[in-house]
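Chemist: Contents of my_file.cif (mmCIF, C-alpha atoms and all ligand atoms) are below:
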```cif
data_input
#
loop_
_atom_site.label_atom_id
_atom_site.label_comp_id
_atom_site.auth_asym_id
_atom_site.auth_seq_id
_atom_site.Cartn_x
_atom_site.Cartn_y
_atom_site.Cartn_z
CA MET G 1 24.26 -14.33 -9.98
CA ALA G 2 22.92 -11.77 -7.57
CA ILE G 3 19.49 -12.39 -6.11
CA THR G 4 17.86 -9.00 -5.75
CA LEU G 5 14.80 -8.01 -3.76
CA ALA G 6 13.05 -6.83 -6.87
CA GLN G 7 13.41 -7.11 -10.60
CA ASP G 8 11.63 -4.81 -12.99
CA THR G 9 8.39 -6.17 -14.43
CA ILE G 10 8.65 -3.69 -17.32
CA GLU G 11 10.13 -5.58 -20.25
CA GLN G 12 12.22 -4.11 -23.09
CA SER G 13 9.32 -4.69 -25.50
CA GLU G 14 7.11 -2.49 -23.30
CA ILE G 15 9.73 0.27 -23.35
CA ALA G 16 9.95 -0.02 -27.15
CA ASP G 17 6.15 0.21 -27.46
CA LEU G 18 6.16 3.19 -25.11
CA CYS G 19 8.76 4.99 -27.25
CA THR G 20 6.67 4.40 -30.37
CA TRP G 21 3.59 5.72 -28.57
CA MET G 22 5.46 8.80 -27.35
CA GLN G 23 6.67 9.62 -30.84
CA ALA G 24 3.12 9.46 -32.15
CA ASN G 25 1.50 11.42 -29.31
CA ASN G 26 2.31 14.84 -27.97
CA ARG G 27 -0.25 14.77 -25.16
CA LEU G 28 1.84 13.13 -22.46
CA THR G 29 -0.05 14.22 -19.37
CA LYS G 30 -3.74 14.76 -18.67
CA GLY G 31 -4.54 12.88 -21.85
CA PRO G 32 -6.89 9.91 -22.17
CA LEU G 33 -4.56 7.15 -20.93
CA CYS G 34 -4.71 7.97 -17.20
CA VAL G 35 -8.48 7.64 -17.37
CA ALA G 36 -8.21 4.41 -19.38
CA PHE G 37 -5.76 2.95 -16.83
CA GLU G 38 -8.02 4.00 -13.94
CA GLU G 39 -11.04 2.34 -15.54
CA ALA G 40 -9.15 -0.87 -16.30
CA PHE G 41 -7.65 -0.97 -12.80
CA ALA G 42 -10.99 -0.36 -11.08
CA GLN G 43 -12.52 -3.18 -13.07
CA TRP G 44 -9.64 -5.58 -12.33
CA GLN G 45 -9.75 -4.68 -8.64
CA GLY G 46 -13.54 -4.94 -8.35
CA SER G 47 -13.98 -1.35 -7.20
CA LYS G 48 -16.25 1.33 -8.64
CA HIS G 49 -13.63 4.06 -8.98
CA ALA G 50 -9.84 4.45 -9.17
CA VAL G 51 -7.62 7.54 -9.04
CA PHE G 52 -4.10 7.28 -10.49
CA VAL G 53 -1.39 9.22 -8.62
CA ASN G 54 2.39 9.44 -8.68
CA SER G 55 3.17 7.06 -5.75
CA GLY G 56 1.70 4.86 -3.04
CA SER G 57 2.68 7.55 -0.55
CA SER G 58 0.68 10.11 -2.54
CA ALA G 59 -2.24 7.67 -2.58
CA ASN G 60 -2.22 7.64 1.24
CA LEU G 61 -1.93 11.43 1.36
CA LEU G 62 -4.86 11.74 -1.05
CA MET G 63 -7.05 9.44 1.07
CA ALA G 64 -6.21 11.41 4.21
CA GLN G 65 -6.96 14.82 2.72
CA ALA G 66 -10.11 13.60 0.95
CA LEU G 67 -11.55 12.25 4.22
CA LEU G 68 -10.97 15.65 5.82
CA GLU G 69 -12.35 17.63 2.90
CA ALA G 70 -15.40 15.37 2.60
CA GLY G 71 -16.18 15.97 6.28
CA ARG G 72 -16.38 12.24 6.96
CA LEU G 73 -14.56 12.27 10.28
CA ARG G 74 -16.12 13.37 13.57
CA ASN G 75 -12.70 13.92 15.16
CA ASN G 76 -9.04 13.90 14.13
CA ILE G 77 -8.06 10.70 15.96
CA ILE G 78 -6.77 7.86 13.79
CA ILE G 79 -5.40 4.44 14.66
CA ALA G 80 -2.51 3.25 12.52
CA PRO G 81 -0.45 0.04 12.61
CA SER G 82 2.87 0.16 14.44
CA VAL G 83 4.12 -2.33 11.82
CA SER G 84 3.56 -0.33 8.67
CA TRP G 85 5.34 1.97 6.27
CA VAL G 86 6.49 5.48 7.12
CA THR G 87 4.09 7.09 4.62
CA THR G 88 1.20 5.04 5.97
CA VAL G 89 1.47 7.25 9.04
CA THR G 90 3.16 10.53 8.07
CA PRO G 91 0.40 11.99 5.83
CA PHE G 92 -1.90 11.90 8.85
CA MET G 93 0.72 13.48 11.09
CA GLN G 94 1.37 16.16 8.47
CA LEU G 95 -2.34 16.95 8.19
CA GLY G 96 -2.75 17.41 11.92
CA PHE G 97 -4.30 14.09 12.89
CA ASP G 98 -3.70 12.62 16.34
CA VAL G 99 -2.17 9.24 15.44
CA LYS G 100 -2.40 6.30 17.89
CA LEU G 101 -0.30 3.24 17.07
CA CYS G 102 -1.63 -0.30 17.42
CA ASP G 103 0.47 -3.42 18.08
CA CYS G 104 0.63 -6.20 15.48
CA ASP G 105 -0.97 -9.60 15.28
CA THR G 106 1.51 -12.45 15.80
CA GLN G 107 0.38 -14.39 12.72
CA ASN G 108 -0.62 -11.98 9.95
CA LEU G 109 1.38 -8.96 11.28
CA GLY G 110 -1.64 -6.71 10.74
CA LEU G 111 -3.57 -5.04 13.56
CA ASP G 112 -3.76 -6.85 16.91
CA ILE G 113 -7.49 -7.16 17.58
CA ASP G 114 -7.38 -6.90 21.39
CA HIS G 115 -5.17 -3.83 21.29
CA LEU G 116 -7.34 -2.28 18.57
CA GLU G 117 -10.46 -2.72 20.65
CA GLN G 118 -8.72 -1.23 23.69
CA LEU G 119 -7.60 1.81 21.65
CA CYS G 120 -11.11 2.30 20.25
CA LYS G 121 -12.59 2.20 23.75
CA GLU G 122 -10.05 4.64 25.12
CA TYR G 123 -9.81 7.16 22.26
CA GLN G 124 -13.04 6.82 20.23
CA PRO G 125 -11.16 7.37 16.94
CA SER G 126 -13.04 8.29 13.78
CA CYS G 127 -10.69 6.42 11.46
CA ILE G 128 -8.48 3.32 11.23
CA ILE G 129 -5.86 2.79 8.55
CA LEU G 130 -4.45 -0.71 8.28
CA VAL G 131 -1.66 -2.32 6.27
CA HIS G 132 -1.93 -5.80 4.79
CA VAL G 133 1.68 -6.62 5.59
CA LEU G 134 3.64 -8.24 2.74
CA GLY G 135 0.41 -9.42 1.07
CA HIS G 136 -1.28 -11.09 4.06
CA ALA G 137 -4.76 -10.02 5.14
CA ASN G 138 -5.65 -8.59 8.53
CA HIS G 139 -8.41 -10.21 10.61
CA MET G 140 -11.02 -8.39 8.54
CA LYS G 141 -14.17 -9.82 10.13
CA ALA G 142 -13.10 -8.72 13.60
CA ILE G 143 -11.90 -5.32 12.33
CA ASN G 144 -15.13 -4.65 10.42
CA ASP G 145 -17.05 -5.57 13.55
CA ILE G 146 -15.02 -3.12 15.65
CA CYS G 147 -15.54 -0.41 13.01
CA ASP G 148 -19.31 -0.98 13.16
CA ARG G 149 -19.45 -0.96 16.95
CA TYR G 150 -17.31 2.15 17.39
CA ASP G 151 -18.54 3.95 14.26
CA VAL G 152 -15.12 4.13 12.66
CA VAL G 153 -14.17 4.70 9.00
CA LEU G 154 -11.77 2.03 7.72
CA ILE G 155 -9.19 2.62 4.99
CA GLU G 156 -6.64 0.11 3.69
CA ASP G 157 -3.03 0.70 2.77
CA SER G 158 -2.76 -2.18 0.30
CA CYS G 159 0.56 -1.14 -1.19
CA GLU G 160 2.08 -4.54 -0.33
CA SER G 161 -0.92 -6.69 -1.20
CA LEU G 162 -1.94 -5.94 -4.78
CA GLY G 163 -3.78 -9.04 -6.01
CA SER G 164 -4.26 -10.86 -2.68
CA ILE G 165 -7.79 -12.19 -2.26
CA LEU G 166 -9.83 -12.67 0.93
CA ASP G 167 -13.35 -14.14 0.92
CA GLY G 168 -13.60 -13.52 -2.82
CA LYS G 169 -12.61 -9.83 -2.53
CA LYS G 170 -9.31 -8.26 -3.48
CA LEU G 171 -7.57 -6.59 -0.55
CA GLY G 172 -7.90 -2.82 -0.82
CA SER G 173 -11.59 -3.01 -1.75
CA ILE G 174 -12.93 -3.83 1.71
CA GLY G 175 -12.74 -0.47 3.49
CA LEU G 176 -14.01 2.92 2.34
CA ALA G 177 -10.87 3.40 0.24
CA GLY G 178 -7.66 1.52 -0.48
CA SER G 179 -4.21 2.55 -1.72
CA PHE G 180 -1.66 0.82 -3.97
CA SER G 181 1.93 1.41 -5.06
CA PHE G 182 3.39 0.81 -8.51
CA TYR G 183 6.98 1.59 -7.52
CA TYR G 184 9.31 -0.73 -9.43
CA GLY G 185 9.90 -2.97 -6.42
CA HIS G 186 6.18 -3.70 -6.11
CA HIS G 187 3.94 -6.23 -7.89
CA ILE G 188 3.57 -4.15 -11.06
CA SER G 189 5.41 -1.02 -12.03
CA THR G 190 4.60 2.29 -13.66
CA ILE G 191 8.21 3.27 -12.72
CA GLU G 192 6.73 5.34 -9.88
CA GLY G 193 2.99 5.42 -9.29
CA GLY G 194 0.05 4.67 -7.05
CA MET G 195 -3.71 4.31 -7.04
CA VAL G 196 -6.63 4.88 -4.70
CA VAL G 197 -9.78 2.81 -5.14
CA THR G 198 -13.19 3.47 -3.62
CA ASP G 199 -16.87 2.68 -4.21
CA ASP G 200 -17.83 6.05 -2.74
CA THR G 201 -18.65 8.40 -5.61
CA GLU G 202 -18.57 11.64 -3.60
CA LEU G 203 -15.15 10.79 -2.14
CA TYR G 204 -13.97 9.88 -5.66
CA HIS G 205 -14.96 13.29 -7.03
CA ILE G 206 -13.21 15.06 -4.17
CA MET G 207 -10.06 12.98 -4.77
CA LEU G 208 -10.10 13.89 -8.49
CA SER G 209 -10.19 17.53 -7.47
CA ILE G 210 -7.57 17.32 -4.72
CA ARG G 211 -5.18 15.41 -6.98
CA SER G 212 -5.13 18.44 -9.29
CA HIS G 213 -4.79 21.53 -7.10
CA GLY G 214 -8.44 21.39 -6.00
CA TRP G 215 -9.95 22.54 -9.30
CA GLY G 216 -13.24 21.26 -10.69
CA ARG G 217 -12.41 20.38 -14.25
CA ASP G 218 -11.60 16.66 -13.76
CA VAL G 219 -14.94 15.71 -12.20
CA PRO G 220 -17.99 14.73 -14.31
CA LYS G 221 -19.72 17.66 -16.02
CA ASP G 222 -22.90 17.60 -13.91
CA VAL G 223 -20.95 17.51 -10.64
CA HIS G 224 -18.68 20.30 -11.84
CA ALA G 225 -21.72 22.38 -12.82
CA SER G 226 -23.23 21.93 -9.35
CA TRP G 227 -19.99 23.06 -7.68
CA GLN G 228 -19.96 26.13 -9.96
CA ALA G 229 -23.59 26.87 -9.12
CA ASP G 230 -23.03 26.46 -5.36
CA TYR G 231 -20.39 29.20 -5.40
CA GLU G 232 -21.84 31.25 -8.32
CA ILE G 233 -18.70 30.85 -10.41
CA ASP G 234 -18.81 31.91 -14.08
CA GLU G 235 -17.17 29.94 -16.89
CA VAL G 236 -13.93 31.91 -17.10
CA ARG G 237 -13.39 32.23 -13.34
CA ASP G 238 -14.03 28.52 -13.01
CA LEU G 239 -10.90 27.67 -15.02
CA TYR G 240 -8.85 28.73 -12.03
CA THR G 241 -11.25 28.21 -9.17
CA PHE G 242 -10.17 25.87 -6.40
CA TYR G 243 -12.99 24.08 -4.61
CA TYR G 244 -10.84 22.00 -2.26
CA SER G 245 -7.47 22.40 -0.64
CA GLY G 246 -5.46 20.35 -3.08
CA PHE G 247 -2.03 19.13 -4.13
CA ASN G 248 -0.52 18.13 -7.41
CA LEU G 249 -0.31 14.35 -7.06
CA ARG G 250 -0.83 13.55 -10.73
CA SER G 251 1.07 10.97 -12.72
CA THR G 252 1.40 11.14 -16.51
CA ASP G 253 -0.03 9.34 -19.53
CA LEU G 254 3.40 7.87 -20.09
CA ASN G 255 3.16 6.06 -16.74
CA ALA G 256 -0.45 5.11 -17.47
CA TYR G 257 0.65 3.59 -20.79
CA LEU G 258 2.95 1.28 -18.82
CA GLY G 259 0.23 0.61 -16.24
CA LEU G 260 -2.17 -0.60 -18.92
CA SER G 261 0.34 -3.11 -20.26
CA GLN G 262 1.47 -4.16 -16.75
CA LEU G 263 -2.11 -4.86 -15.70
CA LYS G 264 -2.31 -7.63 -18.30
CA LYS G 265 0.39 -9.57 -16.41
CA LEU G 266 -0.88 -8.96 -12.90
CA ASP G 267 -2.79 -12.23 -12.46
CA ALA G 268 0.25 -14.23 -13.52
CA ILE G 269 2.49 -12.15 -11.24
CA ALA G 270 0.23 -12.69 -8.21
CA LYS G 271 0.17 -16.46 -8.81
CA LYS G 272 3.94 -16.66 -9.19
CA ARG G 273 4.46 -14.70 -5.99
CA ALA G 274 2.08 -17.08 -4.19
CA HIS G 275 4.04 -20.04 -5.51
CA ASN G 276 7.34 -18.51 -4.36
CA ALA G 277 6.01 -17.86 -0.85
CA GLU G 278 4.85 -21.47 -0.62
CA ARG G 279 8.28 -22.74 -1.59
CA TYR G 280 9.95 -20.53 1.04
CA ALA G 281 7.54 -21.85 3.68
CA GLN G 282 8.35 -25.45 2.79
CA ASN G 283 12.11 -24.85 2.77
CA LEU G 284 12.08 -22.85 6.00
CA SER G 285 9.67 -25.04 7.95
CA ASP G 286 11.77 -24.66 11.13
CA PHE G 287 11.16 -20.91 11.13
CA TRP G 288 8.15 -18.74 12.02
CA CYS G 289 5.82 -18.41 9.06
CA GLN G 290 3.36 -15.55 8.37
CA THR G 291 -0.20 -16.79 7.83
CA SER G 292 -3.65 -15.34 7.17
CA ASP G 293 -6.98 -16.34 5.62
CA VAL G 294 -6.20 -15.17 2.07
CA SER G 295 -7.24 -17.55 -0.70
CA LEU G 296 -4.55 -16.05 -2.95
CA LEU G 297 -1.38 -14.67 -1.38
CA SER G 298 0.08 -12.09 -3.75
CA SER G 299 3.16 -12.07 -1.56
CA PHE G 300 5.33 -8.96 -1.52
CA ALA G 301 8.31 -10.63 0.20
CA TYR G 302 8.91 -13.56 2.57
CA ALA G 303 8.89 -12.65 6.27
CA THR G 304 10.93 -14.47 8.84
CA PHE G 305 12.27 -13.97 12.38
CA VAL G 306 15.81 -14.76 13.49
CA GLU G 307 17.81 -14.27 16.70
CA ASN G 308 20.89 -13.09 14.79
CA ARG G 309 19.56 -10.75 12.10
CA LEU G 310 22.73 -8.79 11.42
CA GLN G 311 24.73 -11.98 10.96
CA VAL G 312 22.11 -13.46 8.62
CA TYR G 313 21.92 -10.20 6.66
CA GLN G 314 25.69 -10.12 6.27
CA ARG G 315 25.94 -13.76 5.22
CA LEU G 316 23.23 -13.21 2.61
CA LYS G 317 25.00 -10.10 1.41
CA ASP G 318 28.28 -12.02 1.05
CA ALA G 319 26.37 -14.55 -1.05
CA ASP G 320 25.07 -11.69 -3.25
CA ILE G 321 21.52 -11.98 -1.92
CA GLU G 322 19.56 -8.90 -0.88
CA SER G 323 17.40 -8.85 2.25
CA ARG G 324 15.71 -6.20 4.37
CA PRO G 325 14.38 -5.66 7.89
CA LEU G 326 10.68 -6.51 8.10
CA ILE G 327 9.44 -3.20 6.70
CA CYS G 328 9.49 -0.41 9.29
CA GLY G 329 9.50 -2.75 12.28
CA ASN G 330 7.83 -0.62 14.93
CA ILE G 331 7.10 2.91 13.65
CA GLY G 332 7.12 4.03 17.30
CA LEU G 333 10.87 3.37 17.51
CA HIS G 334 11.84 5.56 14.54
CA PRO G 335 13.52 8.94 15.09
CA PHE G 336 10.76 10.90 13.27
CA TRP G 337 8.15 9.45 15.67
CA ILE G 338 10.25 9.77 18.82
CA LYS G 339 10.97 13.45 18.02
CA ARG G 340 7.22 14.19 17.86
CA TYR G 341 5.67 11.88 20.45
CA GLY G 342 8.46 10.07 22.34
CA LYS G 343 9.25 6.37 22.11
CA ALA G 344 6.30 3.98 21.67
CA SER G 345 7.04 0.34 22.48
CA PHE G 346 4.75 -2.62 21.80
CA ALA G 347 5.28 -6.24 22.81
CA HIS G 348 5.14 -7.73 19.32
CA ALA G 349 5.98 -4.81 17.06
CA ASP G 350 9.24 -4.40 19.01
CA GLN G 351 10.12 -8.01 18.19
CA VAL G 352 9.36 -7.30 14.54
CA HIS G 353 11.62 -4.26 14.83
CA HIS G 354 14.60 -6.13 16.19
CA GLN G 355 14.24 -9.69 14.88
CA GLY G 356 12.14 -9.44 11.72
CA MET G 357 13.55 -9.61 8.22
CA TYR G 358 12.29 -10.31 4.75
CA LEU G 359 13.68 -12.30 1.87
CA PRO G 360 13.25 -11.61 -1.85
CA ASN G 361 10.08 -12.56 -3.68
CA HIS G 362 9.44 -11.37 -7.21
CA TYR G 363 8.05 -12.55 -10.51
CA HIS G 364 11.40 -13.51 -12.00
CA LEU G 365 12.66 -15.55 -9.05
CA SER G 366 13.18 -19.24 -9.90
CA ASP G 367 12.73 -22.20 -7.55
CA ALA G 368 16.51 -22.66 -7.67
CA ASP G 369 16.97 -19.02 -6.55
CA ILE G 370 14.64 -19.56 -3.59
CA ASP G 371 16.41 -22.79 -2.66
CA ARG G 372 19.74 -20.94 -2.72
CA VAL G 373 18.43 -18.16 -0.45
CA CYS G 374 17.03 -20.74 1.97
CA GLU G 375 20.27 -22.74 2.04
CA VAL G 376 22.22 -19.65 3.10
CA VAL G 377 19.59 -18.77 5.72
CA GLN G 378 19.62 -22.33 7.10
CA GLU G 379 23.42 -22.27 7.37
CA VAL G 380 23.54 -19.34 9.72
CA ALA G 381 20.12 -18.28 11.04
CA LYS G 382 18.88 -19.06 14.53
CA PRO G 383 15.07 -19.27 14.47
CA PHE G 384 13.13 -16.79 16.62
CA ASP G 385 9.46 -17.14 17.51
CA LEU G 386 7.15 -14.19 17.77
CA ASP G 387 5.15 -14.69 20.97
C1 LIG F 1 2.64 -0.36 3.14
C2 LIG F 1 3.22 0.68 2.23
N1 LIG F 1 2.59 1.85 2.09
C3 LIG F 1 3.06 2.82 1.29
C4 LIG F 1 4.21 2.64 0.56
C5 LIG F 1 4.70 3.75 -0.29
O1 LIG F 1 4.66 3.49 -1.68
P1 LIG F 1 5.56 4.36 -2.67
O2 LIG F 1 6.96 3.87 -2.55
O3 LIG F 1 4.99 4.09 -4.02
O4 LIG F 1 5.43 5.77 -2.27
C6 LIG F 1 4.93 1.43 0.68
C7 LIG F 1 6.18 1.27 -0.06
O5 LIG F 1 6.85 0.28 -0.07
C8 LIG F 1 4.42 0.42 1.53
O6 LIG F 1 5.07 -0.73 1.70
#
```
Show this structure as structure tokens.
Modeler:
Amino acid sequence: MAITLAQDTIEQSEIADLCTWMQANNRLTKGPLCVAFEEAFAQWQGSKHAVFVNSGSSANLLMAQALLEAGRLRNNIIIAPSVSWVTTVTPFMQLGFDVKLCDCDTQNLGLDIDHLEQLCKEYQPSCIILVHVLGHANHMKAINDICDRYDVVLIEDSCESLGSILDGKKLGSIGLAGSFSFYYGHHISTIEGGMVVTDDTELYHIMLSIRSHGWGRDVPKDVHASWQADYEIDEVRDLYTFYYSGFNLRSTDLNAYLGLSQLKKLDAIAKKRAHNAERYAQNLSDFWCQTSDVSLLSSFAYATFVENRLQVYQRLKDADIESRPLICGNIGLHPFWIKRYGKASFAHADQVHHQGMYLPNHYHLSDADIDRVCEVVQEVAKPFDLD
């Protein structure tokens, strides 16, 4: 049997329930379920507010535009991780930010603290976006300290770490805002989907507006009324008045219906993923192992480093086992980045780029599946140490 990177967490019974719901409801978008899913997610996550969007990439775009529209940034300089996802970085490039890449930590693969401090000194950025790579936390104490000292806004791309816990807090709820993905390969699925969480009520209202073209009708009545008053907008004009420069990043009630049922399984999914990661680490004790201070590792996939990645990949493929490079490797070595800024090399991110790979971890993976993956890896892989 094939061992795939991901297996859908949406069960047939959920699809059947969804079909029944659709037949009984003709309000499939902008109905009550998006709001219900947002409230349930915010509560589960331990954040004040949540905004449901159509992907994790859209969630990052929404955070970027909301920070600009809210006037929270004193300049357009942002630090982003070199080991991240393409749409961690591209929304900021597209919106005219000056993006500086930071090398990765050799244990958690998040931001390298020394390099981060150096970049803050040199560029005085107003914002940092980080990625909790494959479910592991960054060095949050040191990063928060740097943010305080250099007066920097911190946002978290938590698309790979839904459910991971650090010092009693879920990742994604530490910075000013955090993003999540519900693409089917992620921890839970709304088919496609994403979320932004924040405790900042003003930013939340702006995100509600920007998600829907920039209009005012999705924000609470009193806030909406104050926006109308500020610009002397009458009731009819208000229906098509745009207060912020927006997008359409909405999802639908159909996706929210799935989100509500998926949320019920999320604790069990996070625990199973933690168990799977532990088993990989035991089986592959001769290989580099990603570590961080999380008390629960809601692992996205299992990271490893090998000298002979192509050979390992091919052997796994022959054995019907999917694997991937370790996310983007170094963003600074991708054509889209090189075309804009030229090549950006970093000591550790370059090693991630060339030697890093990840192995499947999902809810439906059995211990026997993991043992089979590890056997194939052991047969052929030559360990590589990130230094
Ligand atoms: C760190 C990170 N950010 C953003 C995304 C984008 O999420 P989506 O595929 O839902 O757009 C991903 C996707 O895997 C990711 O890993």
Chemist: Please extract the residues at most 10 Å from ligand LIG 1 (chain F), counting all atoms listed in the file, and provide them as number ranges by chain, using the chain letters and residue numbers of this document.
Modeler: G: 53-61, 81, 83-89, 130-135, 156-161, 179-186, 189-195, 300, 327-328
Chemist: Please save C-alpha atoms of the selected residues as a PDB file, keeping the file's coordinate frame.
Modeler:
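Saved the output as again.pdb:
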```pdb
ATOM      1  CA  VAL G  53      -1.390   9.220  -8.620  1.00  0.00           C
ATOM      2  CA  ASN G  54       2.390   9.440  -8.680  1.00  0.00           C
ATOM      3  CA  SER G  55       3.170   7.060  -5.750  1.00  0.00           C
ATOM      4  CA  GLY G  56       1.700   4.860  -3.040  1.00  0.00           C
ATOM      5  CA  SER G  57       2.680   7.550  -0.550  1.00  0.00           C
ATOM      6  CA  SER G  58       0.680  10.110  -2.540  1.00  0.00           C
ATOM      7  CA  ALA G  59      -2.240   7.670  -2.580  1.00  0.00           C
ATOM      8  CA  ASN G  60      -2.220   7.640   1.240  1.00  0.00           C
ATOM      9  CA  LEU G  61      -1.930  11.430   1.360  1.00  0.00           C
ATOM     10  CA  PRO G  81      -0.450   0.040  12.610  1.00  0.00           C
ATOM     11  CA  VAL G  83       4.120  -2.330  11.820  1.00  0.00           C
ATOM     12  CA  SER G  84       3.560  -0.330   8.670  1.00  0.00           C
ATOM     13  CA  TRP G  85       5.340   1.970   6.270  1.00  0.00           C
ATOM     14  CA  VAL G  86       6.490   5.480   7.120  1.00  0.00           C
ATOM     15  CA  THR G  87       4.090   7.090   4.620  1.00  0.00           C
ATOM     16  CA  THR G  88       1.200   5.040   5.970  1.00  0.00           C
ATOM     17  CA  VAL G  89       1.470   7.250   9.040  1.00  0.00           C
ATOM     18  CA  LEU G 130      -4.450  -0.710   8.280  1.00  0.00           C
ATOM     19  CA  VAL G 131      -1.660  -2.320   6.270  1.00  0.00           C
ATOM     20  CA  HIS G 132      -1.930  -5.800   4.790  1.00  0.00           C
ATOM     21  CA  VAL G 133       1.680  -6.620   5.590  1.00  0.00           C
ATOM     22  CA  LEU G 134       3.640  -8.240   2.740  1.00  0.00           C
ATOM     23  CA  GLY G 135       0.410  -9.420   1.070  1.00  0.00           C
ATOM     24  CA  GLU G 156      -6.640   0.110   3.690  1.00  0.00           C
ATOM     25  CA  ASP G 157      -3.030   0.700   2.770  1.00  0.00           C
ATOM     26  CA  SER G 158      -2.760  -2.180   0.300  1.00  0.00           C
ATOM     27  CA  CYS G 159       0.560  -1.140  -1.190  1.00  0.00           C
ATOM     28  CA  GLU G 160       2.080  -4.540  -0.330  1.00  0.00           C
ATOM     29  CA  SER G 161      -0.920  -6.690  -1.200  1.00  0.00           C
ATOM     30  CA  SER G 179      -4.210   2.550  -1.720  1.00  0.00           C
ATOM     31  CA  PHE G 180      -1.660   0.820  -3.970  1.00  0.00           C
ATOM     32  CA  SER G 181       1.930   1.410  -5.060  1.00  0.00           C
ATOM     33  CA  PHE G 182       3.390   0.810  -8.510  1.00  0.00           C
ATOM     34  CA  TYR G 183       6.980   1.590  -7.520  1.00  0.00           C
ATOM     35  CA  TYR G 184       9.310  -0.730  -9.430  1.00  0.00           C
ATOM     36  CA  GLY G 185       9.900  -2.970  -6.420  1.00  0.00           C
ATOM     37  CA  HIS G 186       6.180  -3.700  -6.110  1.00  0.00           C
ATOM     38  CA  SER G 189       5.410  -1.020 -12.030  1.00  0.00           C
ATOM     39  CA  THR G 190       4.600   2.290 -13.660  1.00  0.00           C
ATOM     40  CA  ILE G 191       8.210   3.270 -12.720  1.00  0.00           C
ATOM     41  CA  GLU G 192       6.730   5.340  -9.880  1.00  0.00           C
ATOM     42  CA  GLY G 193       2.990   5.420  -9.290  1.00  0.00           C
ATOM     43  CA  GLY G 194       0.050   4.670  -7.050  1.00  0.00           C
ATOM     44  CA  MET G 195      -3.710   4.310  -7.040  1.00  0.00           C
ATOM     45  CA  PHE G 300       5.330  -8.960  -1.520  1.00  0.00           C
ATOM     46  CA  ILE G 327       9.440  -3.200   6.700  1.00  0.00           C
ATOM     47  CA  CYS G 328       9.490  -0.410   9.290  1.00  0.00           C
TER      48      CYS G 328
END
```
Chemist: Which one of G:Gln23, G:Thr304, G:Ser261, G:Gln351 sits closest to Ala36 in chain G if you count only C-alpha atoms?
Modeler: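 Smallest distance to Ala36 in chain G is found for G:Ser261.
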Chemist: Counting all atoms listed in the file, figure out which residue out of G:Ala319, G:Cys19, G:Val373, G:Ala349 gets nearest to Leu333 in chain G.
Modeler: G:Ala349
Chemist: Counting all atoms listed in the file, figure out which residue out of G:Arg273, G:Val377, G:Ser82, G:Ala281 gets nearest to His353 in chain G.
Modeler: G:Ser82
Chemist: Looking at only C-alpha atoms, which of G:Ala303, G:Val312, G:Val197, G:Ile128 is the one that sits closest to Glu38 in chain G?
Modeler: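 Closest residue, counting only C-alpha atoms: G:Val197.
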Chemist: Taking 5 positions as the minimum chain separation for residues in the same chain, which residues sit within 6 Å of range 274-278 of chain G when counting all atoms listed in the file? Answer as a PDB file with C-alpha atoms, in the coordinates of the input.
Modeler:
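Contents of the output file out_15.pdb:
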```pdb
ATOM      1  CA  LEU G 297      -1.380 -14.670  -1.380  1.00  0.00           C
ATOM      2  CA  SER G 298       0.080 -12.090  -3.750  1.00  0.00           C
ATOM      3  CA  SER G 299       3.160 -12.070  -1.560  1.00  0.00           C
TER       4      SER G 299
END
```
Chemist: Give me, please, the distance in Å between CA of Asp98 in chain G and CA of Ala142 in chain G, quoted to one decimal.
Modeler: 23.5 Å
Chemist: Between G:Asp286, G:Tyr363, G:His334, G:Ile113, which residue has the minimum interatomic distance to Lys265 in chain G, considering all atoms listed in the file?
Modeler: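 Nearest candidate to Lys265 in chain G out of G:Asp286, G:Tyr363, G:His334, G:Ile113: G:Tyr363.
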Chemist: Return the padded bounding box of range 93-104 of chain G as lines of an AutoDock Vina configuration file: axis-aligned, built from all atoms listed in the file, 4 Å added on each side, with centre and edge lengths in Å to one decimal.
Modeler:
```
center_x = -1.5
center_y = 5.6
center_z = 13.1
size_x = 13.7
size_y = 31.6
size_z = 17.9
```
Chemist: Please rebuild range 38-44 of chain G with N, CA and C atoms and give the result as an mmCIF file, in the frame of the given file.
Modeler:
```cif
data_model
loop_
_atom_site.group_PDB
_atom_site.id
_atom_site.type_symbol
_atom_site.label_atom_id
_atom_site.label_comp_id
_atom_site.auth_asym_id
_atom_site.auth_seq_id
_atom_site.Cartn_x
_atom_site.Cartn_y
_atom_site.Cartn_z
ATOM 1 N N GLU G 38 -7.170 4.002 -15.148
ATOM 2 C CA GLU G 38 -8.020 4.000 -13.940
ATOM 3 C C GLU G 38 -9.232 3.082 -14.132
ATOM 4 N N GLU G 39 -9.844 3.177 -15.306
ATOM 5 C CA GLU G 39 -11.040 2.340 -15.540
ATOM 6 C C GLU G 39 -10.666 0.861 -15.555
ATOM 7 N N ALA G 40 -9.567 0.542 -16.227
ATOM 8 C CA ALA G 40 -9.150 -0.870 -16.300
ATOM 9 C C ALA G 40 -8.757 -1.377 -14.920
ATOM 10 N N PHE G 41 -8.074 -0.535 -14.134
ATOM 11 C CA PHE G 41 -7.650 -0.970 -12.800
ATOM 12 C C PHE G 41 -8.858 -1.176 -11.888
ATOM 13 N N ALA G 42 -9.794 -0.238 -11.932
ATOM 14 C CA ALA G 42 -10.990 -0.360 -11.080
ATOM 15 C C ALA G 42 -11.717 -1.657 -11.397
ATOM 16 N N GLN G 43 -11.821 -1.956 -12.673
ATOM 17 C CA GLN G 43 -12.520 -3.180 -13.070
ATOM 18 C C GLN G 43 -11.757 -4.421 -12.586
ATOM 19 N N TRP G 44 -10.456 -4.428 -12.768
ATOM 20 C CA TRP G 44 -9.640 -5.580 -12.330
ATOM 21 C C TRP G 44 -9.750 -5.764 -10.814
#
```
